[in-house]
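Please read the structure below before turning to the comments.
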Amino acid sequence: MRKKIVAGNWKMNKNLAETGNLLGELKGRVDQIDNVEVIVAPTFTNLYYSFEQLRETTITVAAQNMHQAANGAFTGEISADMLKSIGVETVILGHSERRAHFGETDAILKEKVVTAIQKEMTVIFCFGEELNDRKSDKHFDLVASQLKNALFDLDKSAWSQIILAYEPVWAIGTGETASPKQAQEMHAFIRKTIAKAFDQQIADQVSILYGGSVKPANAKEIFAKQDVDGGLIGGAALDAESFEAIVRAI
Ligand code: 13P
């Protein structure tokens with residue numbers, strides 16, 4: 001059985017006090033929930049604090065990014081070892097905002113994934129097409145190439161450390177979601193692509209999350225789809241009540 005996962009990507013939101021408030025609420029709402037792994041990804045400055053706050057809970061803390069190099073002259077960057085030294089062992093890589101605003105290419109992401117895997121971290125790998133790709137019916141090709149370029153040179157053994165997150169760019173922060181049918185169709189395609197490149201067992205085991213305007217009102221029907229194993233939540237993860245409702249929609 002593959003894992004059901006709901007992850008909150010807080011992006012560049014919440015200062016220290018606000019982080020404390022939200023974590024306090026989440027501890028009362030989404031700790032110890034059966035059959036679903038809950039992950040939150042606060043900003044770097046609040047990661048250690050968040051890890052400490054959630055230490056006794058079942059909620060996992062993830063980083064939103066990391067650098068591919070082990071260490072060195074990379075002003076402003078954060079390494080895998082730094083994350084691990086504060087207890088953070090999960091990292092989101094490849095988010096479309098990193099690709100669009102910070103020049104993260106498939107080649108850079110491949111290096112980041114390799115580093116994270118070598119450092120025994122879990123990677124939430126994000127990918128997804130833009131509206132133009134979908135309009136021109138290139139969304140399957142685009143997604144296949146993002147997966148191939150960043151992930152297909154990995155050893156089979158690496159896949160136990162990978163969670164996939166399909167996030168169509170046109171659905172992020174727009175209020176527009178992929179329909180449950182569109183999500184299922186793409187998730188099934190992703191699984192088939194992985195089965196071809198690796199094997200059926202890996203494809204069956206990997207959790208594939210959907211991200212893009214998931215809200216309490218639409219989570220249940222999206223999560224009900226066979227190949228959707230949970231969600232990567234942006235805006236609705238910033239409010240404890242709506243995040244809890246989404247977690248409970250699994
Ligand atoms: P929204 O849920 O705000 O659309 O963001 C999705 C996302 O980018 C999660 O990583």
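Numbering starts fresh at 1 for the residues of each chain in the structure tokens, the chains themselves are lettered A, B, ... in the order given, and ligands are numbered from 1 as they appear.
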
Ligand 1: which residues are within 7 Å, counting only C-alpha atoms and all ligand atoms? Reply as a PDB file with C-alpha atoms, in the first residue's frame.
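part_26.pdb was written with the following content:
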ATOM      1  CA  ASN A   9       3.893  24.298   1.555  1.00  0.00           C
ATOM      2  CA  HIS A  95       8.523  23.722  -7.194  1.00  0.00           C
ATOM      3  CA  GLU A 167       1.298  20.670  -9.742  1.00  0.00           C
ATOM      4  CA  ALA A 171      -3.770  25.792 -11.045  1.00  0.00           C
ATOM      5  CA  ILE A 172      -1.327  27.173  -8.452  1.00  0.00           C
ATOM      6  CA  GLY A 173      -2.728  30.042  -6.430  1.00  0.00           C
ATOM      7  CA  THR A 174      -5.297  30.767  -9.124  1.00  0.00           C
ATOM      8  CA  GLY A 175      -8.371  29.184  -7.595  1.00  0.00           C
ATOM      9  CA  GLY A 211      -1.144  20.377  -5.907  1.00  0.00           C
ATOM     10  CA  GLY A 212      -2.916  23.465  -7.197  1.00  0.00           C
ATOM     11  CA  SER A 213      -5.768  25.267  -5.418  1.00  0.00           C
ATOM     12  CA  VAL A 214      -6.740  22.295  -3.254  1.00  0.00           C
ATOM     13  CA  LEU A 232       0.599  19.478  -1.713  1.00  0.00           C
ATOM     14  CA  ILE A 233      -1.297  22.444  -0.359  1.00  0.00           C
ATOM     15  CA  GLY A 234      -0.330  26.118  -0.608  1.00  0.00           C
ATOM     16  CA  GLY A 235      -2.772  28.823   0.460  1.00  0.00           C
ATOM     17  CA  ALA A 236      -5.186  26.540   2.304  1.00  0.00           C
TER      18      ALA A 236
END

Please list as a PDB file with all heavy atoms, in the first residue's frame every residue within 8 Å of stretch 109-120 of chain A, counting only C-alpha atoms and excluding residues in the same chain fewer than 6 positions away.
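Resulting contents of out_18.pdb:
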ATOM      1  N   MET A  66      16.765  23.311  -1.139  1.00  0.00           N
ATOM      2  CA  MET A  66      18.135  23.199  -0.622  1.00  0.00           C
ATOM      3  C   MET A  66      19.097  23.318  -1.802  1.00  0.00           C
ATOM      4  O   MET A  66      18.699  23.183  -2.967  1.00  0.00           O
ATOM      5  CB  MET A  66      18.361  21.893   0.126  1.00  0.00           C
ATOM      6  CG  MET A  66      18.060  20.653  -0.680  1.00  0.00           C
ATOM      7  SD  MET A  66      18.832  19.167  -0.054  1.00  0.00           S
ATOM      8  CE  MET A  66      20.010  18.875  -1.389  1.00  0.00           C
ATOM      9  N   HIS A  67      20.363  23.567  -1.495  1.00  0.00           N
ATOM     10  CA  HIS A  67      21.367  23.671  -2.557  1.00  0.00           C
ATOM     11  C   HIS A  67      21.916  22.282  -2.879  1.00  0.00           C
ATOM     12  O   HIS A  67      21.899  21.393  -2.037  1.00  0.00           O
ATOM     13  CB  HIS A  67      22.494  24.607  -2.131  1.00  0.00           C
ATOM     14  CG  HIS A  67      23.327  25.068  -3.288  1.00  0.00           C
ATOM     15  ND1 HIS A  67      24.472  24.409  -3.675  1.00  0.00           N
ATOM     16  CD2 HIS A  67      23.149  26.081  -4.165  1.00  0.00           C
ATOM     17  CE1 HIS A  67      24.969  25.013  -4.749  1.00  0.00           C
ATOM     18  NE2 HIS A  67      24.190  26.034  -5.067  1.00  0.00           N
ATOM     19  N   GLN A  68      22.398  22.155  -4.111  1.00  0.00           N
ATOM     20  CA  GLN A  68      22.921  20.856  -4.551  1.00  0.00           C
ATOM     21  C   GLN A  68      24.324  20.564  -4.041  1.00  0.00           C
ATOM     22  O   GLN A  68      24.726  19.404  -3.964  1.00  0.00           O
ATOM     23  CB  GLN A  68      22.880  20.751  -6.092  1.00  0.00           C
ATOM     24  CG  GLN A  68      23.671  21.783  -6.874  1.00  0.00           C
ATOM     25  CD  GLN A  68      22.872  23.049  -7.158  1.00  0.00           C
ATOM     26  OE1 GLN A  68      22.032  23.466  -6.363  1.00  0.00           O
ATOM     27  NE2 GLN A  68      23.136  23.669  -8.302  1.00  0.00           N
ATOM     28  N   ALA A  69      25.086  21.605  -3.701  1.00  0.00           N
ATOM     29  CA  ALA A  69      26.470  21.377  -3.250  1.00  0.00           C
ATOM     30  C   ALA A  69      26.493  20.979  -1.777  1.00  0.00           C
ATOM     31  O   ALA A  69      25.586  21.314  -1.014  1.00  0.00           O
ATOM     32  CB  ALA A  69      27.295  22.640  -3.454  1.00  0.00           C
ATOM     33  N   ALA A  70      27.558  20.279  -1.396  1.00  0.00           N
ATOM     34  CA  ALA A  70      27.668  19.827  -0.014  1.00  0.00           C
ATOM     35  C   ALA A  70      27.913  21.010   0.917  1.00  0.00           C
ATOM     36  O   ALA A  70      27.417  21.054   2.047  1.00  0.00           O
ATOM     37  CB  ALA A  70      28.805  18.823   0.105  1.00  0.00           C
ATOM     38  N   ALA A  80      22.113  20.264   2.448  1.00  0.00           N
ATOM     39  CA  ALA A  80      21.424  19.100   3.017  1.00  0.00           C
ATOM     40  C   ALA A  80      21.923  18.818   4.436  1.00  0.00           C
ATOM     41  O   ALA A  80      21.125  18.523   5.332  1.00  0.00           O
ATOM     42  CB  ALA A  80      21.656  17.882   2.122  1.00  0.00           C
ATOM     43  N   ASP A  81      23.241  18.920   4.635  1.00  0.00           N
ATOM     44  CA  ASP A  81      23.778  18.654   5.980  1.00  0.00           C
ATOM     45  C   ASP A  81      23.224  19.638   7.014  1.00  0.00           C
ATOM     46  O   ASP A  81      22.969  19.263   8.162  1.00  0.00           O
ATOM     47  CB  ASP A  81      25.309  18.745   5.979  1.00  0.00           C
ATOM     48  CG  ASP A  81      25.936  17.474   5.424  1.00  0.00           C
ATOM     49  OD1 ASP A  81      25.245  16.430   5.387  1.00  0.00           O
ATOM     50  OD2 ASP A  81      27.117  17.530   5.028  1.00  0.00           O
ATOM     51  N   GLU A  89      14.618  16.175   7.438  1.00  0.00           N
ATOM     52  CA  GLU A  89      15.077  15.122   6.528  1.00  0.00           C
ATOM     53  C   GLU A  89      14.215  15.012   5.283  1.00  0.00           C
ATOM     54  O   GLU A  89      14.332  14.038   4.530  1.00  0.00           O
ATOM     55  CB  GLU A  89      15.095  13.779   7.282  1.00  0.00           C
ATOM     56  CG  GLU A  89      15.935  13.885   8.548  1.00  0.00           C
ATOM     57  CD  GLU A  89      16.403  12.547   9.060  1.00  0.00           C
ATOM     58  OE1 GLU A  89      15.650  11.581   8.920  1.00  0.00           O
ATOM     59  OE2 GLU A  89      17.513  12.503   9.613  1.00  0.00           O
ATOM     60  N   VAL A  91      12.660  17.342   1.918  1.00  0.00           N
ATOM     61  CA  VAL A  91      12.831  18.615   1.215  1.00  0.00           C
ATOM     62  C   VAL A  91      11.973  18.640  -0.054  1.00  0.00           C
ATOM     63  O   VAL A  91      11.886  17.646  -0.772  1.00  0.00           O
ATOM     64  CB  VAL A  91      14.325  18.880   0.901  1.00  0.00           C
ATOM     65  CG1 VAL A  91      14.947  17.823  -0.006  1.00  0.00           C
ATOM     66  CG2 VAL A  91      14.540  20.265   0.302  1.00  0.00           C
ATOM     67  N   LEU A  93      11.616  19.844  -3.708  1.00  0.00           N
ATOM     68  CA  LEU A  93      12.500  20.282  -4.803  1.00  0.00           C
ATOM     69  C   LEU A  93      11.679  20.430  -6.082  1.00  0.00           C
ATOM     70  O   LEU A  93      10.736  19.667  -6.314  1.00  0.00           O
ATOM     71  CB  LEU A  93      13.628  19.269  -5.025  1.00  0.00           C
ATOM     72  CG  LEU A  93      14.654  19.124  -3.889  1.00  0.00           C
ATOM     73  CD1 LEU A  93      15.660  18.022  -4.209  1.00  0.00           C
ATOM     74  CD2 LEU A  93      15.383  20.445  -3.615  1.00  0.00           C
ATOM     75  N   GLY A  94      12.048  21.409  -6.884  1.00  0.00           N
ATOM     76  CA  GLY A  94      11.436  21.540  -8.201  1.00  0.00           C
ATOM     77  C   GLY A  94      10.128  22.284  -8.241  1.00  0.00           C
ATOM     78  O   GLY A  94       9.414  22.246  -9.257  1.00  0.00           O
ATOM     79  N   ASN A 149      14.226  13.990 -17.173  1.00  0.00           N
ATOM     80  CA  ASN A 149      15.445  14.796 -17.031  1.00  0.00           C
ATOM     81  C   ASN A 149      15.978  14.820 -15.603  1.00  0.00           C
ATOM     82  O   ASN A 149      17.189  14.875 -15.387  1.00  0.00           O
ATOM     83  CB  ASN A 149      15.207  16.227 -17.510  1.00  0.00           C
ATOM     84  CG  ASN A 149      14.947  16.281 -19.002  1.00  0.00           C
ATOM     85  OD1 ASN A 149      15.256  15.333 -19.726  1.00  0.00           O
ATOM     86  ND2 ASN A 149      14.355  17.371 -19.463  1.00  0.00           N
ATOM     87  N   ALA A 150      15.088  14.818 -14.650  1.00  0.00           N
ATOM     88  CA  ALA A 150      15.564  14.955 -13.265  1.00  0.00           C
ATOM     89  C   ALA A 150      15.696  13.629 -12.530  1.00  0.00           C
ATOM     90  O   ALA A 150      16.511  13.514 -11.614  1.00  0.00           O
ATOM     91  CB  ALA A 150      14.633  15.882 -12.494  1.00  0.00           C
ATOM     92  N   LEU A 151      14.908  12.635 -12.909  1.00  0.00           N
ATOM     93  CA  LEU A 151      14.801  11.460 -12.025  1.00  0.00           C
ATOM     94  C   LEU A 151      15.211  10.126 -12.641  1.00  0.00           C
ATOM     95  O   LEU A 151      15.450   9.163 -11.912  1.00  0.00           O
ATOM     96  CB  LEU A 151      13.347  11.311 -11.528  1.00  0.00           C
ATOM     97  CG  LEU A 151      12.735  12.503 -10.787  1.00  0.00           C
ATOM     98  CD1 LEU A 151      11.310  12.172 -10.369  1.00  0.00           C
ATOM     99  CD2 LEU A 151      13.562  12.881  -9.562  1.00  0.00           C
ATOM    100  N   LEU A 154      18.280   7.888 -11.665  1.00  0.00           N
ATOM    101  CA  LEU A 154      18.415   7.408 -10.285  1.00  0.00           C
ATOM    102  C   LEU A 154      18.455   5.886 -10.247  1.00  0.00           C
ATOM    103  O   LEU A 154      17.904   5.216 -11.130  1.00  0.00           O
ATOM    104  CB  LEU A 154      17.215   7.868  -9.455  1.00  0.00           C
ATOM    105  CG  LEU A 154      17.109   9.364  -9.147  1.00  0.00           C
ATOM    106  CD1 LEU A 154      15.770   9.648  -8.473  1.00  0.00           C
ATOM    107  CD2 LEU A 154      18.264   9.829  -8.267  1.00  0.00           C
ATOM    108  N   ALA A 158      16.580   4.396  -4.975  1.00  0.00           N
ATOM    109  CA  ALA A 158      16.314   5.778  -4.540  1.00  0.00           C
ATOM    110  C   ALA A 158      14.820   6.052  -4.394  1.00  0.00           C
ATOM    111  O   ALA A 158      14.412   6.973  -3.675  1.00  0.00           O
ATOM    112  CB  ALA A 158      16.907   6.761  -5.546  1.00  0.00           C
ATOM    113  N   GLN A 161      12.768   6.968  -1.375  1.00  0.00           N
ATOM    114  CA  GLN A 161      12.945   8.302  -0.779  1.00  0.00           C
ATOM    115  C   GLN A 161      12.262   9.395  -1.599  1.00  0.00           C
ATOM    116  O   GLN A 161      12.486  10.572  -1.362  1.00  0.00           O
ATOM    117  CB  GLN A 161      14.438   8.637  -0.684  1.00  0.00           C
ATOM    118  CG  GLN A 161      15.211   7.795   0.319  1.00  0.00           C
ATOM    119  CD  GLN A 161      16.709   7.866   0.032  1.00  0.00           C
ATOM    120  OE1 GLN A 161      17.301   6.900  -0.434  1.00  0.00           O
ATOM    121  NE2 GLN A 161      17.312   9.004   0.285  1.00  0.00           N
TER     122      GLN A 161
END

Residue list (strand (DSSP E), DSSP) for stretch 17-123 of chain A, as a list in words:
Glu37, Val38, Ile39, Val40, Ala41, Thr60, Val61, Ala62, Ala63, Thr90, Val91, Ile92, Leu93, Thr122 and Val123 of chain A

Would you mind exporting the chosen residues as an mmCIF file, in the first residue's frame, restricted to N, CA and C atoms?
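So the final result, stored in part.cif, reads:
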data_model
loop_
_atom_site.group_PDB
_atom_site.id
_atom_site.type_symbol
_atom_site.label_atom_id
_atom_site.label_comp_id
_atom_site.auth_asym_id
_atom_site.auth_seq_id
_atom_site.Cartn_x
_atom_site.Cartn_y
_atom_site.Cartn_z
ATOM 1 N N GLU A 37 0.177 10.647 6.305
ATOM 2 C CA GLU A 37 1.336 11.361 6.818
ATOM 3 C C GLU A 37 1.123 12.855 6.567
ATOM 4 N N VAL A 38 1.274 13.633 7.617
ATOM 5 C CA VAL A 38 1.107 15.086 7.503
ATOM 6 C C VAL A 38 2.486 15.733 7.532
ATOM 7 N N ILE A 39 2.719 16.612 6.554
ATOM 8 C CA ILE A 39 4.015 17.287 6.429
ATOM 9 C C ILE A 39 3.753 18.792 6.372
ATOM 10 N N VAL A 40 4.597 19.574 7.044
ATOM 11 C CA VAL A 40 4.514 21.034 6.864
ATOM 12 C C VAL A 40 5.885 21.556 6.467
ATOM 13 N N ALA A 41 5.887 22.553 5.591
ATOM 14 C CA ALA A 41 7.144 23.130 5.114
ATOM 15 C C ALA A 41 7.157 24.638 5.367
ATOM 16 N N THR A 60 5.560 15.786 10.190
ATOM 17 C CA THR A 60 6.935 15.904 9.678
ATOM 18 C C THR A 60 7.192 17.332 9.199
ATOM 19 N N VAL A 61 8.417 17.808 9.453
ATOM 20 C CA VAL A 61 8.812 19.143 8.971
ATOM 21 C C VAL A 61 9.692 18.987 7.734
ATOM 22 N N ALA A 62 9.366 19.736 6.692
ATOM 23 C CA ALA A 62 10.156 19.692 5.452
ATOM 24 C C ALA A 62 10.684 21.086 5.126
ATOM 25 N N ALA A 63 11.802 21.114 4.393
ATOM 26 C CA ALA A 63 12.308 22.382 3.858
ATOM 27 C C ALA A 63 11.689 22.606 2.475
ATOM 28 N N THR A 90 13.339 15.977 5.100
ATOM 29 C CA THR A 90 12.467 15.985 3.918
ATOM 30 C C THR A 90 12.610 17.346 3.245
ATOM 31 N N VAL A 91 12.660 17.342 1.918
ATOM 32 C CA VAL A 91 12.831 18.615 1.215
ATOM 33 C C VAL A 91 11.973 18.640 -0.054
ATOM 34 N N ILE A 92 11.320 19.768 -0.271
ATOM 35 C CA ILE A 92 10.587 19.991 -1.520
ATOM 36 C C ILE A 92 11.587 20.470 -2.565
ATOM 37 N N LEU A 93 11.616 19.844 -3.708
ATOM 38 C CA LEU A 93 12.500 20.282 -4.803
ATOM 39 C C LEU A 93 11.679 20.430 -6.082
ATOM 40 N N THR A 122 14.347 12.531 2.218
ATOM 41 C CA THR A 122 13.160 12.278 1.393
ATOM 42 C C THR A 122 12.893 13.518 0.547
ATOM 43 N N VAL A 123 12.623 13.302 -0.725
ATOM 44 C CA VAL A 123 12.392 14.411 -1.660
ATOM 45 C C VAL A 123 10.923 14.444 -2.068
#

Please, what distance in Å, to one decimal, runs between atom CA of A:Ala183 and atom CA of A:Ser157?
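Straight-line distance from atom CA of A:Ala183 to atom CA of A:Ser157 works out to 26.9 Å.
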
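The space separating atom CA of A:Ala144 from atom CA of A:Val36 comes to 27.3 Å.
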
Mind giving me the straight-line distance from atom CA of A:Leu209 to atom CA of A:Leu164 in Å, one decimal?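 Taking atom CA of A:Leu209 as the start and atom CA of A:Leu164 as the end point, the length is 6.0 Å.
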
Which residues are close to stretch 244-248 of chain A, i.e. within 6 Å by only C-alpha atoms, leaving aside same-chain residues fewer than 4 positions away? Reply as a list in words. Val6, Pro216, Ala219 and Ala240 of chain A

>> Set the distance at 8 Å and use only C-alpha atoms: which residues neighbour A:Ser96 once local chain neighbours fewer than 4 positions away are removed? I'd like the list as a list in words.
In response: Ala100, Cys126, Phe127, Gly128, Glu167 and Val169 of chain A

For this session: Run DSSP on the backbone and grab whatever in stretch 109-190 of chain A lands in alpha helix (DSSP H); send it over as a PyMOL selection string.
Result: chain A and resi 109-118+131-135+139-151+180-190

- Pick from A:Ile5, A:Ile86, A:Ile59, A:Val143 nearest to A:Gly24, counting only C-alpha atoms: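 Counting only C-alpha atoms, the residue closest to A:Gly24 is A:Ile59.
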
From A:Thr19, A:Ser145, A:Gln32, A:Gln200, residue lying nearest A:Asp106 [only C-alpha atoms] =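 Selected residue with least distance to A:Asp106: A:Ser145.
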
Counting only C-alpha atoms, the residue among A:Phe102, A:Tyr210, A:Phe152, A:Phe44 that lies closest to A:Asp229 is A:Tyr210
